[in-house]
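Engineer: Structure below; questions to follow.
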Amino acid sequence: MEATLAETKPLDRISARTAAVQPSATMAVESKVKRMRAAGEAVISFGAGEPDFPTPEPIKQAAIKAIQDNFTRYTETGGMAALKEAIAARERQNTGLDYKASQVATHTGGKESLYLAFQALCEAGDEVLIPAPYWVSYVEQVRLAEATPVIVPTTADTGFKVNAALLARYTTPRTRILVLNSPSNPTGMVYSQAELEDIASWARTNQVIILSDELYDRIVFNPPYARWLRVAPDLYERTVIINGLSKAYAMTGWRLGYAVGPEWIIKAMLKIQSHSNSHPSSITQAAALAAYTLDLEAEIAKMVAAFKERRDWIVRALNEIAGVRCLMPEGAFYVFPDFSALLGKPLKYGRTCSTTEELAMYLLDTVKVGIVHGEAFGAPGCARLSYAMSLEQIKEGVARIQDALTLA
Ligand SMILES: Cc1ncc(COP(=O)(O)O)c(C=O)c1O
């Protein structure tokens, strides 16, 4: 019998590159938490990667004014000139290097900036070095650009950091990009000046582009922060800085990220953007301009001080749990404890977990605590906890974890 048209040409086919993408595990944890909360359960979630503070008032007022002033039309692709100039000025100050507005493009979140950078720079066969533990979207974005993610594993013993010798082991003639993320999501680790100098020595001898994801650059606890281009200004021509407002200004929902780098890369990214989403919302751009031109340093300092107090508390408390080892992060708002000593052991509520994925499910099912398993970040045995919540909630959540991790 001949095949029907429905069989030879199925309508419900999705592209192979989409089928290959894994949905975001951090989002998956959050949706399960939301479902449980909707069902009336008192869940404490360490899953969300966003500050718990409200957006600073002057930023909100700027957005309200933009609406009232009818600043509601299309802007230029990549963002309005005044915002690009404000971002260029900020990056001139950050790096001590010369940046023009034509080297800046704004996007709907740093997530889109990264996506467009990979799309603009990669093709099939290119390899992108991604140090693990990594932020979940890098790997999938590289795959969507039809390039190959090459995971460079690290452990707690080296502070979850890569170095020149390790990178050299994973470098091939096809290596195109290194993704550098300091402070890191998920580990909170911050590279020192000496560590970045070492990585720069590797970068200089290889024809590679550095994507420096600096989303958490304002959330550092032991300043001064060693900024990539301050350490390696000679690599200006091959560095793309990715940053945004989500974390520093508590603006995750506004969606404003940006890329700053060599004009040829920014132009290529703009080409794609001009056919996809054009620019972030005009209202968000007005808010971002306020964030970058008003003096909000005191607001940021307040948030960072709160994060630091919570970090100190949670690291100490986690290390007091038998079988848990937690490094002291120097930035962002995550801790990345190692639970591997508890795997394979019978736990209080009648389960033995062989992976941290199972452990995360056990905690959610038994004591209603959400954490994100390390497998999602390329680091089995560990898990990520975001401490962007009140100290009271952190204390309650850690107490529940401690209870559930008691050996049976
Ligand atoms: C390391 C890192 N880079 C980029 C992003 C993207 O942030 P956004 O799209 O909100 O700007 C995030 C968000 O969680 C992140 O953790």
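Following the order of the structure tokens, chains are lettered A, B, ..., residues in each are numbered from 1, and ligands are numbered from 1.
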Compile the contact shell of Asp157 of chain A as a PyMOL selection string: residues with an atom at most 12 Å away, counting only C-alpha atoms, same-chain residues fewer than 4 positions apart removed.
Structural biologist: chain A and resi 153+161-162+325-327+338
Engineer: Please identify every polymer residue within 8 Å of ligand 1, using only C-alpha atoms and all ligand atoms, and present the set as JSON, numbers by chain.
Structural biologist: {"A": [49, 50, 108, 109, 110, 111, 112, 113, 114, 134, 135, 181, 183, 184, 185, 186, 213, 214, 215, 216, 242, 243, 244, 245, 246, 247, 251, 252, 253, 255, 256, 257]}
Engineer: So which bits of segment 78-158 of chain A end up strand (DSSP E) when you DSSP the backbone, as number ranges by chain?
Structural biologist: A: 104-107, 127-132, 148-153
Engineer: Just N, CA and C atoms for this one: save the residues we selected as a compact mmCIF listing (two decimals), in the first residue's frame.
Structural biologist:
# COMPACT_ATOMS: atom_id res chain seq x y z
N VAL A 104 27.61 49.13 20.04
CA VAL A 104 26.65 48.68 21.06
C VAL A 104 25.35 48.27 20.39
N ALA A 105 24.73 47.18 20.84
CA ALA A 105 23.35 46.88 20.45
C ALA A 105 22.62 46.37 21.67
N THR A 106 21.38 46.83 21.84
CA THR A 106 20.58 46.36 22.98
C THR A 106 19.58 45.30 22.51
N HIS A 107 19.25 44.43 23.44
CA HIS A 107 18.39 43.29 23.11
C HIS A 107 17.40 43.02 24.23
N GLU A 127 33.70 25.12 17.14
CA GLU A 127 33.61 24.64 18.53
C GLU A 127 33.61 25.83 19.48
N VAL A 128 32.75 25.74 20.49
CA VAL A 128 32.67 26.81 21.49
C VAL A 128 33.02 26.22 22.84
N LEU A 129 34.05 26.76 23.47
CA LEU A 129 34.48 26.25 24.77
C LEU A 129 33.59 26.84 25.87
N ILE A 130 32.98 25.95 26.63
CA ILE A 130 32.08 26.37 27.71
C ILE A 130 32.56 25.74 29.01
N PRO A 131 33.18 26.53 29.88
CA PRO A 131 33.60 25.96 31.17
C PRO A 131 32.39 25.50 31.97
N ALA A 132 32.48 24.29 32.56
CA ALA A 132 31.40 23.79 33.42
C ALA A 132 31.86 23.91 34.88
N THR A 148 29.32 23.35 17.82
CA THR A 148 29.48 22.27 18.80
C THR A 148 29.92 22.83 20.15
N PRO A 149 29.11 22.62 21.19
CA PRO A 149 29.58 23.04 22.51
C PRO A 149 30.64 22.06 23.01
N VAL A 150 31.76 22.58 23.47
CA VAL A 150 32.81 21.74 24.03
C VAL A 150 32.91 22.10 25.51
N ILE A 151 32.50 21.16 26.35
CA ILE A 151 32.44 21.44 27.78
C ILE A 151 33.82 21.25 28.40
N VAL A 152 34.27 22.26 29.13
CA VAL A 152 35.56 22.17 29.84
C VAL A 152 35.23 22.00 31.32
N PRO A 153 35.40 20.77 31.83
CA PRO A 153 34.95 20.51 33.20
C PRO A 153 35.90 21.08 34.25
Engineer: My list of candidates is A:Tyr292, A:Tyr138, A:Trp228, A:Tyr349. Which is closest to Leu97 of chain A when distances are computed with only C-alpha atoms?
Structural biologist: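 Once distances to Leu97 of chain A are computed over only C-alpha atoms, the minimum belongs to A:Trp228.
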Engineer: List as a JSON list (two decimals) with N, CA and C atoms, in the first residue's frame the protein and nucleic acid residues near Ala20 of chain A, meaning an atom at most 12 Å away when only C-alpha atoms are counted, but skip any in the same chain fewer than 3 places from it.
Structural biologist:
[["chain", "number", "residue", "atom", "x", "y", "z"],
["A", 14, "ILE", "N", 8.89, 19.03, 13.81],
["A", 14, "ILE", "CA", 9.63, 20.24, 14.15],
["A", 14, "ILE", "C", 11.05, 20.09, 13.63],
["A", 15, "SER", "N", 11.74, 21.20, 13.47],
["A", 15, "SER", "CA", 13.08, 21.14, 12.87],
["A", 15, "SER", "C", 14.01, 20.30, 13.75],
["A", 16, "ALA", "N", 14.99, 19.68, 13.11],
["A", 16, "ALA", "CA", 15.92, 18.82, 13.86],
["A", 16, "ALA", "C", 16.67, 19.64, 14.90],
["A", 17, "ARG", "N", 17.03, 20.90, 14.56],
["A", 17, "ARG", "CA", 17.81, 21.67, 15.53],
["A", 17, "ARG", "C", 16.95, 22.05, 16.73],
["A", 23, "PRO", "N", 14.88, 21.64, 27.11],
["A", 23, "PRO", "CA", 14.26, 22.78, 27.79],
["A", 23, "PRO", "C", 15.06, 23.17, 29.02],
["A", 139, "VAL", "N", 24.86, 26.19, 26.21],
["A", 139, "VAL", "CA", 25.00, 24.96, 25.44],
["A", 139, "VAL", "C", 23.92, 24.87, 24.35],
["A", 140, "GLU", "N", 22.70, 25.17, 24.74],
["A", 140, "GLU", "CA", 21.59, 25.05, 23.78],
["A", 140, "GLU", "C", 21.68, 26.13, 22.72],
["A", 141, "GLN", "N", 22.11, 27.31, 23.10],
["A", 141, "GLN", "CA", 22.25, 28.40, 22.11],
["A", 141, "GLN", "C", 23.33, 28.06, 21.08],
["A", 142, "VAL", "N", 24.40, 27.46, 21.54],
["A", 142, "VAL", "CA", 25.47, 27.07, 20.61],
["A", 142, "VAL", "C", 24.94, 26.01, 19.64],
["A", 143, "ARG", "N", 24.16, 25.07, 20.18],
["A", 143, "ARG", "CA", 23.59, 24.04, 19.31],
["A", 143, "ARG", "C", 22.64, 24.67, 18.29],
["A", 144, "LEU", "N", 21.85, 25.64, 18.74],
["A", 144, "LEU", "CA", 20.92, 26.29, 17.81],
["A", 144, "LEU", "C", 21.67, 27.03, 16.70],
["A", 145, "ALA", "N", 22.92, 27.40, 16.97],
["A", 145, "ALA", "CA", 23.73, 28.05, 15.94],
["A", 145, "ALA", "C", 24.47, 26.99, 15.11],
["A", 146, "GLU", "N", 24.13, 25.73, 15.34],
["A", 146, "GLU", "CA", 24.68, 24.58, 14.61],
["A", 146, "GLU", "C", 26.18, 24.37, 14.86]]
Engineer: If you count only C-alpha atoms, which residues fall within 12 Å of His275 of chain A, apart from same-chain ones fewer than 6 positions away, as a PyMOL selection string?
Structural biologist: chain A and resi 77-78+116+268-269
Engineer: Go ahead and save the picked residues with C-alpha atoms, as a PDB file, in the first residue's frame.
Structural biologist:
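What ended up in selection-v3.pdb:
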ATOM      1  CA  THR A  77      17.112  48.458  15.407  1.00  0.00           C
ATOM      2  CA  GLY A  78      19.384  47.636  18.310  1.00  0.00           C
ATOM      3  CA  LEU A 116      22.582  36.612  18.461  1.00  0.00           C
ATOM      4  CA  ALA A 268      26.304  41.149  11.951  1.00  0.00           C
ATOM      5  CA  MET A 269      24.144  40.750  15.053  1.00  0.00           C
TER       6      MET A 269
END
Engineer: What's around Leu180 of chain A at 7 Å? Count only C-alpha atoms, leave out sequence neighbours fewer than 5 positions away in its own chain, and write the answer as a count of residues only.
Structural biologist: 4
Engineer: Report the distance between atom CA of Gln393 of chain A and atom CA of Gly370 of chain A in Å, rounded to one decimal place.
Structural biologist: 12.2 Å
Engineer: Just the residues within 10 Å of Glu85 of chain A, please, counting only C-alpha atoms, with nothing from its chain fewer than 2 positions along; format it as a list in words.
Structural biologist: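 The neighbour list is Met80, Ala81, Ala82, Leu83, Ile87, Ala88, Ala89, Arg90, Glu91, Tyr99, Lys100, Ala101, Ser102, Gln103, Val104 and Leu289 of chain A.
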Engineer: Go ahead and save the picked residues with N, CA and C atoms, as a CSV table (one decimal), in the first residue's frame.
Structural biologist:
chain,number,residue,atom,x,y,z
A,80,MET,N,17.7,52.8,20.9
A,80,MET,CA,17.8,54.3,20.5
A,80,MET,C,19.3,54.8,20.8
A,81,ALA,N,19.6,55.8,20.0
A,81,ALA,CA,21.0,56.3,20.1
A,81,ALA,C,21.4,56.7,21.5
A,82,ALA,N,20.5,57.4,22.2
A,82,ALA,CA,20.9,57.9,23.6
A,82,ALA,C,21.3,56.7,24.5
A,83,LEU,N,20.5,55.7,24.4
A,83,LEU,CA,20.8,54.5,25.3
A,83,LEU,C,22.1,53.9,24.8
A,87,ILE,N,25.4,53.4,27.2
A,87,ILE,CA,26.0,52.1,27.5
A,87,ILE,C,27.5,52.1,27.0
A,88,ALA,N,27.8,52.8,25.9
A,88,ALA,CA,29.2,52.9,25.5
A,88,ALA,C,30.0,53.7,26.5
A,89,ALA,N,29.4,54.7,27.1
A,89,ALA,CA,30.1,55.5,28.1
A,89,ALA,C,30.4,54.6,29.3
A,90,ARG,N,29.4,53.8,29.7
A,90,ARG,CA,29.6,52.9,30.9
A,90,ARG,C,30.7,51.9,30.6
A,91,GLU,N,30.7,51.4,29.4
A,91,GLU,CA,31.8,50.4,29.1
A,91,GLU,C,33.2,51.1,28.9
A,99,TYR,N,35.0,53.0,23.4
A,99,TYR,CA,33.8,52.4,22.8
A,99,TYR,C,32.9,53.5,22.2
A,100,LYS,N,32.4,53.2,21.0
A,100,LYS,CA,31.4,54.2,20.4
A,100,LYS,C,30.0,53.5,20.4
A,101,ALA,N,29.0,54.4,20.2
A,101,ALA,CA,27.6,53.8,20.2
A,101,ALA,C,27.5,52.8,19.1
A,102,SER,N,28.2,52.9,18.0
A,102,SER,CA,28.1,52.0,16.9
A,102,SER,C,28.6,50.6,17.3
A,103,GLN,N,29.3,50.5,18.5
A,103,GLN,CA,29.8,49.2,18.9
A,103,GLN,C,28.8,48.6,19.9
A,104,VAL,N,27.6,49.1,20.0
A,104,VAL,CA,26.6,48.7,21.1
A,104,VAL,C,25.3,48.3,20.4
A,289,LEU,N,17.7,53.8,30.1
A,289,LEU,CA,18.5,55.1,30.0
A,289,LEU,C,18.5,55.8,31.4
Engineer: Just checking: using only C-alpha atoms, which residue out of A:Glu357, A:Glu309, A:Glu30, A:Glu263 ends up closest to Ser390 of chain A?
Structural biologist: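 Among A:Glu357, A:Glu309, A:Glu30, A:Glu263, it is A:Glu309 that comes nearest to Ser390 of chain A.
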Engineer: Just to confirm, what's the straight-line distance from atom CA of Lys65 of chain A to atom CA of Asn94 of chain A in Å (one decimal)?
Structural biologist: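 Pair atom CA of Lys65 of chain A / atom CA of Asn94 of chain A returns 29.0 Å.
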